[in-house]
Each structure stands twice: as C-alpha cells, then as structure tokens.
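Visitor: See final-v7.cif below, with mmCIF, C-alpha atoms.
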```cif
data_upload
#
loop_
_atom_site.label_atom_id
_atom_site.label_comp_id
_atom_site.auth_asym_id
_atom_site.auth_seq_id
_atom_site.Cartn_x
_atom_site.Cartn_y
_atom_site.Cartn_z
CA MET P 841 236.71 -196.63 88.19
CA LYS P 842 233.66 -195.63 86.10
CA ARG P 843 232.53 -199.25 85.95
CA PHE P 844 232.92 -199.58 89.70
CA LEU P 845 230.81 -196.45 90.31
CA LEU P 846 228.17 -197.66 87.85
CA PHE P 847 228.17 -201.04 89.65
CA LEU P 848 227.57 -199.26 92.98
CA VAL P 849 224.68 -197.22 91.52
CA VAL P 850 223.10 -200.33 89.99
CA MET P 851 223.50 -202.27 93.24
CA ALA P 852 222.03 -199.43 95.31
CA THR P 853 219.09 -199.15 92.92
CA THR P 854 218.53 -202.91 93.04
CA VAL P 855 218.62 -203.00 96.83
CA LEU P 856 216.31 -199.99 97.23
CA ALA P 857 213.80 -201.00 94.53
CA GLY P 858 213.98 -204.77 94.83
CA CYS P 859 210.85 -205.31 96.88
CA ASP P 860 207.96 -203.60 98.60
CA LYS P 861 206.61 -204.38 102.06
CA GLY P 862 202.96 -205.33 101.92
CA ASP P 863 200.48 -204.62 104.73
CA ASP P 864 201.29 -208.01 106.22
CA GLY P 865 205.03 -207.20 106.39
CA ASN P 866 205.98 -209.84 103.81
CA SER P 867 208.23 -208.93 100.93
CA THR P 868 206.57 -208.85 97.53
CA PRO P 869 208.80 -208.81 94.45
CA ASN P 870 208.19 -206.05 91.93
CA PRO P 871 206.59 -207.28 88.71
CA PRO P 872 208.96 -207.51 85.73
CA THR P 873 208.94 -204.52 83.39
CA ASP P 874 209.08 -204.43 79.61
CA GLU P 875 210.63 -200.96 79.76
CA PRO P 876 213.56 -200.63 77.32
CA THR P 877 217.03 -200.22 78.81
CA LEU P 878 220.45 -199.31 77.47
CA GLU P 879 223.51 -200.65 79.24
CA GLY P 880 225.49 -197.78 80.72
CA TYR P 881 222.70 -195.21 80.24
CA ILE P 882 220.83 -193.99 83.29
CA GLU P 883 218.24 -191.33 82.59
CA PRO P 884 218.52 -188.17 84.69
CA TYR P 885 216.43 -187.33 87.74
CA MET P 886 213.02 -186.09 86.57
CA LYS P 887 210.89 -185.06 89.54
CA TRP P 888 209.51 -181.90 87.95
CA GLY P 889 209.09 -179.02 90.36
CA ALA P 890 211.67 -180.39 92.80
CA THR P 891 213.73 -177.71 94.51
CA ARG P 892 217.45 -177.32 93.96
CA GLN P 893 218.05 -178.84 97.42
CA GLU P 894 215.81 -181.84 96.65
CA VAL P 895 217.75 -182.48 93.44
CA LYS P 896 221.05 -182.24 95.32
CA LYS P 897 219.80 -184.82 97.84
CA ALA P 898 218.42 -187.18 95.19
CA VAL P 899 221.21 -187.19 92.60
CA PRO P 900 223.99 -189.55 93.79
CA TYR P 901 226.72 -188.37 91.42
CA GLU P 902 229.62 -185.96 91.95
CA LEU P 903 228.46 -182.32 91.77
CA ILE P 904 230.72 -180.40 89.39
CA THR P 905 228.98 -177.02 89.12
CA ASP P 906 226.32 -175.27 91.19
CA SER P 907 225.47 -172.02 89.44
CA GLN P 908 222.47 -169.75 89.08
CA SER P 909 221.65 -171.43 85.76
CA GLY P 910 221.63 -174.94 87.21
CA LEU P 911 223.49 -177.96 88.53
CA THR P 912 225.99 -180.09 86.62
CA TYR P 913 227.00 -183.55 87.80
CA LYS P 914 229.67 -185.93 86.57
CA GLY P 915 228.00 -188.69 84.58
CA VAL P 916 228.25 -192.46 84.89
CA GLY P 917 228.39 -195.19 82.27
CA ILE P 918 228.05 -193.69 78.79
CA VAL P 919 226.78 -190.38 80.23
CA SER P 920 229.56 -187.79 80.55
CA ALA P 921 227.44 -185.25 82.47
CA TYR P 922 223.97 -184.62 83.87
CA ILE P 923 222.65 -181.06 83.75
CA TYR P 924 219.63 -179.81 85.71
CA THR P 925 217.99 -176.46 84.99
CA PHE P 926 215.55 -174.62 87.21
CA THR P 927 212.62 -172.28 86.57
CA GLY P 928 210.01 -170.46 88.59
CA PRO P 929 210.48 -168.01 91.43
CA GLU P 930 214.16 -167.62 92.21
CA ASP P 931 214.96 -170.37 89.66
CA ASN P 932 214.24 -173.03 92.27
CA SER P 933 211.92 -175.48 90.47
CA LEU P 934 213.32 -178.31 88.35
CA GLY P 935 212.25 -177.59 84.78
CA GLY P 936 214.69 -179.61 82.67
CA SER P 937 217.07 -182.55 82.93
CA THR P 938 219.78 -183.33 80.39
CA ALA P 939 222.16 -186.22 79.81
CA MET P 940 225.29 -185.60 77.71
CA VAL P 941 226.56 -188.67 75.83
CA ASP P 942 229.58 -189.15 73.56
CA GLY P 943 228.56 -189.26 69.89
CA LYS P 944 230.07 -192.71 69.43
CA HIS P 945 226.92 -194.05 71.13
CA VAL P 946 224.54 -192.46 68.61
CA GLU P 947 223.16 -195.70 67.22
CA GLU P 948 222.35 -197.47 70.48
CA LEU P 949 221.15 -194.29 72.22
CA THR P 950 218.89 -193.36 69.31
CA ASP P 951 217.46 -196.90 69.24
CA PHE P 952 216.86 -196.80 73.01
CA ILE P 953 215.02 -193.46 72.82
CA TYR P 954 212.93 -194.66 69.85
CA ASP P 955 212.02 -197.86 71.71
CA LYS P 956 211.10 -196.12 74.96
CA TYR P 957 209.33 -192.99 73.70
CA THR P 958 206.91 -192.02 70.92
CA PHE P 959 208.56 -190.33 67.95
CA LEU P 960 207.11 -186.91 67.03
CA TYR P 961 209.38 -185.53 64.31
CA ALA P 962 212.94 -184.69 63.26
CA ASP P 963 214.19 -181.15 62.63
CA GLU P 964 217.26 -181.21 60.38
CA SER P 965 217.86 -177.47 60.81
CA THR P 966 218.61 -177.96 64.53
CA TYR P 967 219.80 -181.59 64.33
CA SER P 968 217.06 -182.56 66.77
CA ILE P 969 214.61 -185.44 67.10
CA PHE P 970 211.52 -184.90 69.26
CA PHE P 971 209.71 -187.57 71.31
CA THR P 972 207.04 -187.83 73.98
CA ASN P 973 205.93 -190.49 76.45
CA LYS P 974 202.64 -192.44 76.30
CA ASP P 975 200.59 -189.93 78.28
CA LYS P 976 202.27 -186.93 76.59
CA SER P 977 203.37 -185.51 79.94
CA LEU P 978 207.05 -185.48 78.92
CA MET P 979 209.03 -184.02 76.01
CA VAL P 980 212.32 -185.70 75.10
CA VAL P 981 214.68 -184.06 72.61
CA LEU P 982 217.70 -185.88 71.18
CA MET P 983 220.12 -183.30 69.79
CA ILE P 984 223.65 -183.24 68.42
CA THR P 985 226.02 -180.68 69.94
CA GLY P 986 229.44 -180.90 68.31
CA SER P 987 230.51 -184.53 68.66
CA ASP P 988 228.22 -185.18 71.64
CA LEU P 989 224.58 -186.14 71.98
CA MET P 990 222.32 -184.19 74.29
CA VAL P 991 219.15 -185.86 75.60
CA MET P 992 216.90 -183.22 77.09
CA TYR P 993 213.86 -184.12 79.20
CA MET P 994 211.17 -181.52 80.00
CA ALA P 995 207.71 -181.70 81.51
CA ASN P 996 204.86 -180.92 79.14
CA THR P 997 203.33 -178.27 81.37
CA THR P 998 201.96 -176.10 78.57
CA ASN P 999 200.40 -178.91 76.48
CA THR P 1000 202.16 -177.55 73.42
CA ALA P 1001 200.96 -178.19 69.89
CA LEU P 1002 204.29 -179.91 69.22
CA ILE P 1003 203.60 -182.64 71.80
CA ASN P 1004 200.13 -183.18 70.40
CA LYS P 1005 201.33 -183.80 66.84
CA VAL P 1006 200.35 -187.16 65.42
CA PRO P 1007 203.45 -189.37 65.49
CA ASN P 1008 204.91 -190.19 62.10
CA GLN P 1009 206.72 -193.48 62.64
CA SER P 1010 207.75 -193.66 58.99
CA SER P 1011 210.26 -190.87 59.64
CA ARG P 1012 212.37 -192.98 62.00
CA ALA P 1013 214.74 -194.19 59.29
CA SER P 1014 215.30 -190.75 57.81
CA SER P 1015 215.92 -189.13 61.21
CA SER P 1016 218.40 -191.86 62.15
CA GLU P 1017 220.17 -191.38 58.83
CA MET P 1018 220.34 -187.64 59.55
CA TYR P 1019 222.18 -188.36 62.82
CA TYR P 1020 224.66 -190.77 61.24
CA LYS P 1021 225.51 -188.30 58.43
CA ILE P 1022 226.02 -185.44 60.83
CA LEU P 1023 228.26 -187.44 63.17
CA GLN P 1024 230.39 -188.65 60.27
CA ASN P 1025 231.13 -185.02 59.45
CA CYS P 1026 232.04 -184.03 63.04
#
```
Translate the structure described by the file into structure tokens.
Guide:
Amino acid sequence: MKRFLLFLVVMATTVLAGCDKGDDGNSTPNPPTDEPTLEGYIEPYMKWGATRQEVKKAVPYELITDSQSGLTYKGVGIVSAYIYTFTGPEDNSLGGSTAMVDGKHVEELTDFIYDKYTFLYADESTYSIFFTNKDKSLMVVLMITGSDLMVMYMANTTNTALINKVPNQSSRASSSEMYYKILQNC
C-alpha cells in the first residue's frame, strides 16, 4: 500500500511539474536538474510563513494530528511521519518542517543530505549534523532520536552565526562515523 501511495504522489508530481506553458501556448519541457535525490525520500513542504490552512491544503498525506504545537502527517516511502511547526502570532506561520525516518536508512539519508546541502559541523553531544543550502537561507539538521532519524528544516530568518560558519568538509567522515556508532548502540 505504501508503494502504491508513493507511486500516486510521484505520478501527481510528474504530471503537475512536467511542463510549463509558454506565452505561445506550446509546452516546454523543464530542463533536467542535477539535484540529488533519494528513492523513497520526499522532503517536507517548506513554504516558510505559510499559514496552517495553506499547509493543510498543500500537504497531500494523511493528517494524523492537528494540535496547537503543529501538524503531523503520515509519511510516505522511507519517511514515517512529517511534522510541521508554527510560529508567529497565534502560532500560524510555518517555521519548521521535519521528516522522521527509520534509523536503518542512516547511510543513504546521510549521503543524500551531504550531497544536497553544505555541511557546517557535527555536534556529538546532541547527535546532530548541521547543514545549509547554497544561499544560506535554510538550516537543515540531521539528528538521531532513539532509533529514528529526524531531518529538521528551518528558514534562516535570523542570519545566525551558525549558518555563516565556514564549512569544514573534512569532518564529513567523522560525523558519518558518529552516526553509525550511535545507531549500532540503539
């Protein structure tokens, strides 16, 4: 059933994003992208500032929980759940998006995140690895919670010193080793 639902999401995405209409009404195919992908992993909705209602309309998965602290949706593929948190007046502005993934996918998920985002640093005390995107508008945190992986996405609205750290690519091996050791002990 999960594969069927994932197939439907992929097909819907393909149909909706497959081509653009130019001014002359002819279809123009989208250019190919070199963006890394991971089979079975769909990143969460990330339209920062979106209202709770906008998120509910945009996220196509089964809503599990709608509480004051946020929205939780049943995941697809290797994602077990998507969690959306809100900030601002009346907690109605999307401030964070999270994907929960089973720890058995640590190697491929870590590789995907490293390939897609810029590594900042690893914090062994919190079992977290911090990343940013090319324009430093996004913070991505890969964290171990029990036997699961949590991938948290947040807008860089405060231009924090953390985001502006110079990436240290040589730490990739040691941070990956940290994850493997921790998961072996879970």
Visitor: For the file shown, what are the residues hit by the PyMOL selection byres ((chain P and resi 982) around 8), laid out as number ranges by chain?
Guide: P: 950, 968-970, 980-981, 983-984, 989-992
Visitor: List the spatial neighbours of Tyr881 (chain P) as a list in words - criterion: any atom at most 10 Å away, only C-alpha atoms, same-chain residues fewer than 2 positions off excluded.
Guide: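 Residues meeting the cut-off are Leu846, Thr877, Leu878, Glu879, Glu883, Pro884, Gly915, Val916, Gly917, Ile918, Val919, Ala939, Val941, Leu949 and Phe952 of chain P.
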Visitor: Take the PyMOL selection byres ((chain P and resi 908) around 10), apply it to the structure above, and return the hits as a list in words.
Guide: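 Checked against the file, the PyMOL selection byres ((chain P and resi 908) around 10) matches Thr905, Asp906, Ser907, Ser909, Gly910, Leu911, Thr925, Phe926, Glu930, Asp931 and Asn932 of chain P.
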Visitor: Find the residues near Asp955 (chain P): any atom within 12 Å, counting only C-alpha atoms, skip ones fewer than 6 places away on the same chain, and give them as a list in words.
Guide: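 These residues fall inside the cut-off: Asp874, Glu875, Pro876, Thr877, Leu878, Glu948, Leu949, Phe971, Thr972, Asn973, Lys974, Gln1009 and Arg1012 of chain P.
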Visitor: Could you check how far CA of Lys976 (chain P) sits from CA of Tyr924 (chain P), in Å to one decimal?
Guide: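 These two atoms are separated by 20.9 Å.
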Visitor: Which distance in Å separates CA of Ile923 (chain P) and CA of Met940 (chain P), to one decimal?
Guide: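 Distance between the two atoms: 8.0 Å.
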Visitor: Would you work out the distance separating CA of Gly928 (chain P) from CA of Met886 (chain P), expressed in Å to one decimal?
Guide: 16.0 Å
Visitor: Contacts of region 888-894 of chain P at 8 Å or less, counting all atoms listed in the file, minus same-chain residues fewer than 2 places along, as a PyMOL selection string?
Guide: chain P and resi 886+896-898+926+932-936+995
Visitor: Looking at all atoms listed in the file, which of P:Val895, P:Val946, P:Ala921, P:Met979 is the one that sits closest to Tyr961 (chain P)?
Guide: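 Of P:Val895, P:Val946, P:Ala921, P:Met979, the one nearest Tyr961 (chain P), counting all atoms listed in the file, is P:Met979.
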Visitor: Name all residues at most 9 Å from Gly943 (chain P) (count only C-alpha atoms; drop same-chain ones fewer than 5 positions away) and give them as a ChimeraX atom specification.
Guide: /P:984-989,1023
Visitor: Using C-alpha atoms, can you write the selected residues to a file as an mmCIF file, in the coordinates of the input?
Guide:
```cif
data_model
loop_
_atom_site.group_PDB
_atom_site.id
_atom_site.type_symbol
_atom_site.label_atom_id
_atom_site.label_comp_id
_atom_site.auth_asym_id
_atom_site.auth_seq_id
_atom_site.Cartn_x
_atom_site.Cartn_y
_atom_site.Cartn_z
ATOM 1 C CA ILE P 984 223.650 -183.240 68.420
ATOM 2 C CA THR P 985 226.020 -180.680 69.940
ATOM 3 C CA GLY P 986 229.440 -180.900 68.310
ATOM 4 C CA SER P 987 230.510 -184.530 68.660
ATOM 5 C CA ASP P 988 228.220 -185.180 71.640
ATOM 6 C CA LEU P 989 224.580 -186.140 71.980
ATOM 7 C CA LEU P 1023 228.260 -187.440 63.170
#
```
Visitor: Mind listing whatever residues come within 10 Å of the point (230.4, -185.1, 92.7)? Use only C-alpha atoms, file coordinates, and give them as a PyMOL selection string.
Guide: chain P and resi 899-905+912-915
